[in-house]
file coords-v9.cif (mmCIF, C-alpha atoms)
data_upload
#
loop_
_atom_site.label_atom_id
_atom_site.label_comp_id
_atom_site.auth_asym_id
_atom_site.auth_seq_id
_atom_site.Cartn_x
_atom_site.Cartn_y
_atom_site.Cartn_z
CA MET A 1 79.67 110.82 119.93
CA ASP A 2 83.03 110.78 121.66
CA SER A 3 84.30 114.12 122.93
CA PRO A 4 87.91 115.20 122.26
CA SER A 5 88.74 114.37 125.89
CA ASP A 6 87.43 110.80 125.74
CA PRO A 7 90.16 108.15 126.04
CA ALA A 8 89.03 106.56 122.76
CA SER A 9 89.32 109.86 120.92
CA GLN A 10 92.72 110.52 122.48
CA LEU A 11 93.93 107.09 121.39
CA LEU A 12 92.86 107.67 117.80
CA ARG A 13 94.57 111.07 117.73
CA MET A 14 97.74 109.42 119.00
CA THR A 15 97.94 107.42 115.76
CA ASP A 16 98.95 110.70 114.11
CA ALA A 17 102.37 110.27 115.71
CA VAL A 18 102.90 106.65 114.61
CA THR A 19 105.91 106.12 112.34
CA SER A 20 106.60 103.37 109.83
CA GLU A 21 109.39 102.05 112.09
CA GLU A 22 106.86 101.22 114.82
CA LEU A 23 104.74 98.96 112.62
CA GLN A 24 107.05 95.97 113.10
CA TRP A 25 106.21 95.97 116.82
CA MET A 26 102.46 95.96 116.14
CA VAL A 27 102.13 92.74 114.15
CA LEU A 28 101.81 89.62 116.29
CA ASP A 29 104.67 87.33 117.18
CA ARG A 30 104.29 83.61 117.77
CA ALA A 31 103.62 83.90 121.50
CA GLN A 32 100.64 86.18 120.81
CA LEU A 33 98.85 83.84 118.41
CA PRO A 34 95.60 82.12 119.47
CA ALA A 35 96.20 78.92 121.42
CA GLU A 36 95.25 76.62 118.54
CA CYS A 37 98.05 78.16 116.47
CA SER A 38 100.74 77.84 119.13
CA SER A 39 102.65 75.21 117.13
CA PHE A 40 102.82 77.34 113.99
CA GLU A 41 106.24 78.41 112.75
CA LEU A 42 107.37 81.71 111.29
CA LEU A 43 106.77 81.62 107.54
CA ARG A 44 107.76 85.15 106.52
CA GLU A 45 107.90 88.73 107.68
CA GLU A 46 108.61 91.82 105.66
CA ARG A 47 108.46 95.56 105.58
CA LEU A 48 105.84 96.63 103.06
CA ASP A 49 106.75 100.04 101.72
CA ASN A 50 104.78 101.13 98.67
CA GLU A 51 107.33 99.65 96.29
CA ALA A 52 107.04 96.22 97.93
CA MET A 53 103.25 96.52 98.14
CA ALA A 54 103.04 97.32 94.43
CA LYS A 55 105.06 94.19 93.61
CA HIS A 56 102.66 92.07 95.68
CA SER A 57 99.59 93.53 93.96
CA GLY A 58 100.01 91.57 90.74
CA GLY A 59 100.05 94.72 88.66
CA ARG A 60 96.88 96.17 90.19
CA GLN A 61 98.72 98.95 92.04
CA THR A 62 101.77 101.11 91.46
CA VAL A 63 103.86 103.16 93.85
CA ALA A 64 102.05 106.25 92.58
CA SER A 65 98.55 104.78 92.94
CA LEU A 66 99.29 103.61 96.48
CA ALA A 67 100.51 107.09 97.38
CA ASP A 68 97.33 108.54 95.85
CA LEU A 69 95.34 106.27 98.16
CA GLY A 70 97.18 107.78 101.12
CA ARG A 71 99.15 104.66 101.97
CA THR A 72 102.68 105.24 103.30
CA SER A 73 104.01 101.92 104.62
CA GLY A 74 103.23 98.59 106.24
CA TYR A 75 104.60 95.49 107.91
CA ALA A 76 103.51 91.83 107.76
CA ARG A 77 104.29 88.68 109.72
CA ALA A 78 102.91 85.24 108.82
CA PHE A 79 103.04 81.82 110.49
CA ALA A 80 102.35 78.39 108.99
CA VAL A 81 101.53 74.95 110.32
CA PRO A 82 104.65 72.76 110.55
CA GLN A 83 104.86 70.54 107.50
CA GLY A 84 103.08 67.25 108.06
CA ALA A 85 101.68 68.22 111.48
CA PRO A 86 98.00 68.16 112.51
CA THR A 87 96.40 71.34 113.86
CA LEU A 88 93.02 72.69 114.97
CA ARG A 89 91.96 69.17 115.91
CA GLU A 90 92.00 68.18 112.22
CA GLU A 91 94.04 65.50 110.47
CA PRO A 92 95.45 66.34 108.01
CA ALA A 93 95.85 70.03 108.79
CA GLU A 94 93.23 72.29 107.23
CA VAL A 95 94.38 75.69 108.47
CA LEU A 96 97.69 76.32 106.75
CA GLU A 97 98.61 79.88 107.60
CA VAL A 98 97.70 82.83 109.83
CA ALA A 99 99.06 86.35 109.50
CA THR A 100 98.74 89.91 110.70
CA VAL A 101 99.54 93.08 108.77
CA VAL A 102 99.51 96.75 109.72
CA HIS A 103 99.33 99.51 107.11
CA LEU A 104 99.98 103.19 107.82
CA PHE A 105 97.99 105.87 105.98
CA GLU A 106 98.05 109.65 105.85
CA ARG A 107 94.52 110.06 107.27
CA PRO A 108 91.74 107.93 108.76
CA GLN A 109 89.62 108.72 105.68
CA ASP A 110 92.26 106.99 103.58
CA VAL A 111 91.78 103.82 105.60
CA ASP A 112 88.03 103.92 104.92
CA ARG A 113 88.65 104.36 101.23
CA TRP A 114 91.05 101.41 101.20
CA ILE A 115 88.52 99.15 102.94
CA ASP A 116 85.80 100.15 100.46
CA GLU A 117 87.74 100.29 97.20
CA VAL A 118 90.77 98.03 97.56
CA PHE A 119 89.56 95.41 100.02
CA VAL A 120 85.82 94.86 99.50
CA ALA A 121 85.21 96.17 95.96
CA GLY A 122 88.66 95.11 94.79
CA PHE A 123 88.16 91.46 95.65
CA ARG A 124 84.63 91.38 94.25
CA ASP A 125 85.75 92.91 90.97
CA ARG A 126 88.43 90.25 90.50
CA VAL A 127 86.21 87.18 90.79
CA GLY A 128 87.14 84.92 87.88
CA ASP A 129 90.58 86.46 87.42
CA GLU A 130 93.78 84.44 87.54
CA ASP A 131 96.79 85.55 89.60
CA PRO A 132 100.35 85.49 88.18
CA ASP A 133 101.00 82.32 90.23
CA GLY A 134 98.12 80.54 88.48
CA ALA A 135 95.52 80.73 91.27
CA ARG A 136 92.01 81.73 90.17
CA LEU A 137 89.73 83.82 92.38
CA MET A 138 86.55 81.74 92.48
CA GLY A 139 84.31 83.65 94.88
CA VAL A 140 83.97 86.30 97.59
CA GLU A 141 81.52 86.34 100.50
CA THR A 142 80.94 89.20 102.95
CA LEU A 143 81.21 88.16 106.61
CA GLU A 144 79.98 89.79 109.81
CA VAL A 145 82.50 90.72 112.49
CA SER A 146 82.29 92.97 115.55
CA GLY A 147 84.14 94.03 118.69
CA PHE A 148 86.69 96.43 117.17
CA HIS A 149 87.27 100.04 118.25
CA GLU A 150 86.26 101.50 114.91
CA ARG A 151 85.10 100.27 111.55
CA SER A 152 85.72 96.66 110.49
CA ALA A 153 84.95 94.48 107.49
CA ALA A 154 85.54 90.83 106.66
CA LEU A 155 85.54 88.59 103.61
CA LEU A 156 85.79 84.92 102.76
CA VAL A 157 87.89 84.69 99.58
CA ILE A 158 88.02 81.39 97.68
CA HIS A 159 90.92 80.61 95.35
CA GLU A 160 91.47 77.58 93.20
CA ALA A 161 95.19 76.94 93.12
CA PRO A 162 97.00 74.92 90.46
CA GLU A 163 96.09 71.19 90.51
CA SER A 164 92.53 72.16 91.60
CA THR A 165 93.43 72.74 95.26
CA VAL A 166 90.85 74.99 96.94
CA LEU A 167 92.21 77.60 99.36
CA ALA A 168 89.90 79.74 101.48
CA SER A 169 91.12 82.96 103.10
CA THR A 170 89.13 84.52 105.94
CA ILE A 171 90.26 88.16 106.08
CA VAL A 172 89.40 90.80 108.68
CA ASP A 173 90.24 94.49 108.09
CA PHE A 174 89.76 97.14 110.76
CA ARG A 175 90.58 100.81 111.20
CA LEU A 176 92.35 102.32 114.19
CA GLY A 177 92.83 106.01 113.49
CA ARG A 178 95.09 106.18 110.45
CA LEU A 179 96.17 102.56 110.84
CA LEU A 180 94.67 99.61 109.01
CA GLY A 181 94.95 96.27 110.78
CA VAL A 182 94.57 93.06 108.80
CA ALA A 183 94.27 89.51 110.15
CA TYR A 184 93.78 86.50 107.93
CA VAL A 185 93.51 82.72 108.04
CA VAL A 186 94.27 80.50 105.03
CA ALA A 187 92.64 77.07 104.99
CA LYS A 188 92.46 74.11 102.63
CA ARG A 189 88.70 73.99 102.22
CA ASP A 190 85.72 76.20 101.42
CA HIS A 191 85.05 77.28 104.99
CA ALA A 192 85.15 80.60 106.84
CA TYR A 193 87.19 80.66 110.06
CA VAL A 194 85.46 83.80 111.33
CA GLU A 195 86.02 83.09 115.02
CA LEU A 196 89.74 82.43 114.59
CA ALA A 197 90.26 85.41 112.26
CA THR A 198 88.37 87.70 114.68
CA GLU A 199 90.41 86.43 117.63
CA LEU A 200 93.57 87.06 115.64
CA GLY A 201 92.36 90.56 114.71
CA ALA A 202 91.42 91.39 118.29
CA ALA A 203 94.89 90.35 119.49
CA LEU A 204 96.41 92.49 116.74
CA GLU A 205 94.34 95.51 117.75
CA ARG A 206 95.39 95.12 121.39
CA GLN A 207 99.05 94.99 120.36
CA MET A 208 98.62 98.07 118.16
CA VAL A 209 97.14 99.94 121.13
CA ARG A 210 100.05 98.86 123.38
CA VAL A 211 102.60 100.19 120.93
CA ILE A 212 100.71 103.46 120.45
CA LEU A 213 100.44 104.05 124.21
CA ASP A 214 104.09 103.14 124.86
CA ALA A 215 105.46 105.36 122.09
#
call {"tool": "encode", "arguments": {"input": "coords-v9.cif", "output": "C-alpha cells"}}
result
Amino acid sequence: MDSPSDPASQLLRMTDAVTSEELQWMVLDRAQLPAECSSFELLREERLDNEAMAKHSGGRQTVASLADLGRTSGYARAFAVPQGAPTLREEPAEVLEVATVVHLFERPQDVDRWIDEVFVAGFRDRVGDEDPDGARLMGVETLEVSGFHERSAALLVIHEAPESTVLASTIVDFRLGRLLGVAYVVAKRDHAYVELATELGAALERQMVRVILDA
C-alpha cells in the first residue's frame, strides 16, 4: 500500500485542488494523438457542465441526478477522419472518430461509482434500447486494459445506426484521484480497437498528470 509520502499518493491528493477550468487543458489536442490519427481534424469540443451532460444523456440523467453522483463538470474534445480520406492503413476509412474526455467529481469514491453504475452497468442495461437519434444499442462486451495509475475499465459497445450501419465504440475509463478520464474510438465495423483506445487513454492520463503538477 502506498504511504502518504509516496509520489503516487501525493499526486492523487493533488487532484483535490483541480478546478473545472483546468479540464480543458487535460483533454488531448491534435498533436498529442497517436501517430495513426495524425491526419484527423477537430470535430467538436465542449465544456460539459451537468446541464450539458444531462442533455447528452438522452433523458437518462438530470442535473440533480448527476450532482447526486458527485459529478461537478467535464470537458471533451473529439477528432474525426477527414471526409473521404483513408486512415489506419484501411481503405475506405474504418476508424471514424477518436476523443478524450475528463470529468471532475467530488471524491474518488464517486468516480468508482460512476464506472460501476453509469459506465459498465449503464451500458449493459440499455442493450436493445434505441437512442433519440435512432441508433440501437446492439451489444456490450467487457474488455481487458492495464497500465493506468489506478482503476480502469473498458467496453466494446456496438450500435446499429439508421440504414443498418454498424458502429463500434471502444471505450476506456480510468480513475485518477477524483478525476475520470475517458478515451474512445468509433469505428465502422464490429471490432474492438483496444490497443488504439489504450494508447489514447495513456496519453490522456499523462496530460492530466502534467496539468496537475503544473497547477
call {"tool": "atom_distance", "arguments": {"input": "coords-v9.cif", "atom1": "atom CA of A:Met138", "atom2": "atom CA of A:Ile158"}}
result
5.4 Å
call {"tool": "resolve_selection", "arguments": {"input": "coords-v9.cif", "expression": "the PyMOL selection byres ((chain A and resi 193-209) around 9)", "output": "number ranges by chain"}}
result
A: 11, 23, 25-28, 32-34, 36, 95, 98-102, 143-149, 154, 156, 169-174, 176, 179, 181-187, 191-192, 210-214
call {"tool": "closest_residue", "arguments": {"input": "coords-v9.cif", "among": "A:Glu41, A:Glu106, A:Glu130, A:Asp49", "to": "A:Thr15", "atoms": "all atoms listed in the file"}}
result
A:Glu106
call {"tool": "closest_residue", "arguments": {"input": "coords-v9.cif", "among": "A:Glu163, A:Glu150, A:Asp112, A:Asp131", "to": "A:Gly59", "atoms": "all atoms listed in the file"}}
result
A:Asp131
call {"tool": "closest_residue", "arguments": {"input": "coords-v9.cif", "among": "A:Ser39, A:His103, A:Val111, A:Ser20", "to": "A:Met53", "atoms": "only C-alpha atoms"}}
result
A:His103
call {"tool": "residues_around", "arguments": {"input": "coords-v9.cif", "residues": "A:Arg136", "least_positions_apart": "4", "cutoff": "12 Å", "atoms": "all atoms listed in the file", "output": "PyMOL selection string"}}
result
chain A and resi 123+126-132+140+157-168
call {"tool": "write_last_selection", "arguments": {"input": "coords-v9.cif", "atoms": "C-alpha atoms", "output": "mmCIF file, keeping the file's coordinate frame"}}
result
data_model
loop_
_atom_site.group_PDB
_atom_site.id
_atom_site.type_symbol
_atom_site.label_atom_id
_atom_site.label_comp_id
_atom_site.auth_asym_id
_atom_site.auth_seq_id
_atom_site.Cartn_x
_atom_site.Cartn_y
_atom_site.Cartn_z
ATOM 1 C CA PHE A 123 88.160 91.460 95.650
ATOM 2 C CA ARG A 126 88.430 90.250 90.500
ATOM 3 C CA VAL A 127 86.210 87.180 90.790
ATOM 4 C CA GLY A 128 87.140 84.920 87.880
ATOM 5 C CA ASP A 129 90.580 86.460 87.420
ATOM 6 C CA GLU A 130 93.780 84.440 87.540
ATOM 7 C CA ASP A 131 96.790 85.550 89.600
ATOM 8 C CA PRO A 132 100.350 85.490 88.180
ATOM 9 C CA VAL A 140 83.970 86.300 97.590
ATOM 10 C CA VAL A 157 87.890 84.690 99.580
ATOM 11 C CA ILE A 158 88.020 81.390 97.680
ATOM 12 C CA HIS A 159 90.920 80.610 95.350
ATOM 13 C CA GLU A 160 91.470 77.580 93.200
ATOM 14 C CA ALA A 161 95.190 76.940 93.120
ATOM 15 C CA PRO A 162 97.000 74.920 90.460
ATOM 16 C CA GLU A 163 96.090 71.190 90.510
ATOM 17 C CA SER A 164 92.530 72.160 91.600
ATOM 18 C CA THR A 165 93.430 72.740 95.260
ATOM 19 C CA VAL A 166 90.850 74.990 96.940
ATOM 20 C CA LEU A 167 92.210 77.600 99.360
ATOM 21 C CA ALA A 168 89.900 79.740 101.480
#
call {"tool": "closest_residue", "arguments": {"input": "coords-v9.cif", "among": "A:Gly177, A:Ser73, A:Ser152, A:Cys37", "to": "A:Glu94", "atoms": "only C-alpha atoms"}}
result
A:Cys37
call {"tool": "atom_distance", "arguments": {"input": "coords-v9.cif", "atom1": "atom CA of A:Val118", "atom2": "atom CA of A:Arg47"}}
result
19.6 Å
call {"tool": "atom_distance", "arguments": {"input": "coords-v9.cif", "atom1": "atom CA of A:Glu21", "atom2": "atom CA of A:Asp116"}}
result
26.4 Å
call {"tool": "axis_aligned_box", "arguments": {"input": "coords-v9.cif", "around": "stretch 55-63 of chain A", "padding_each_side": "4 Å", "output": "lines of an AutoDock Vina configuration file"}}
result
center_x = 101.0
center_y = 97.4
center_z = 92.2
size_x = 16.2
size_y = 19.6
size_z = 15.0
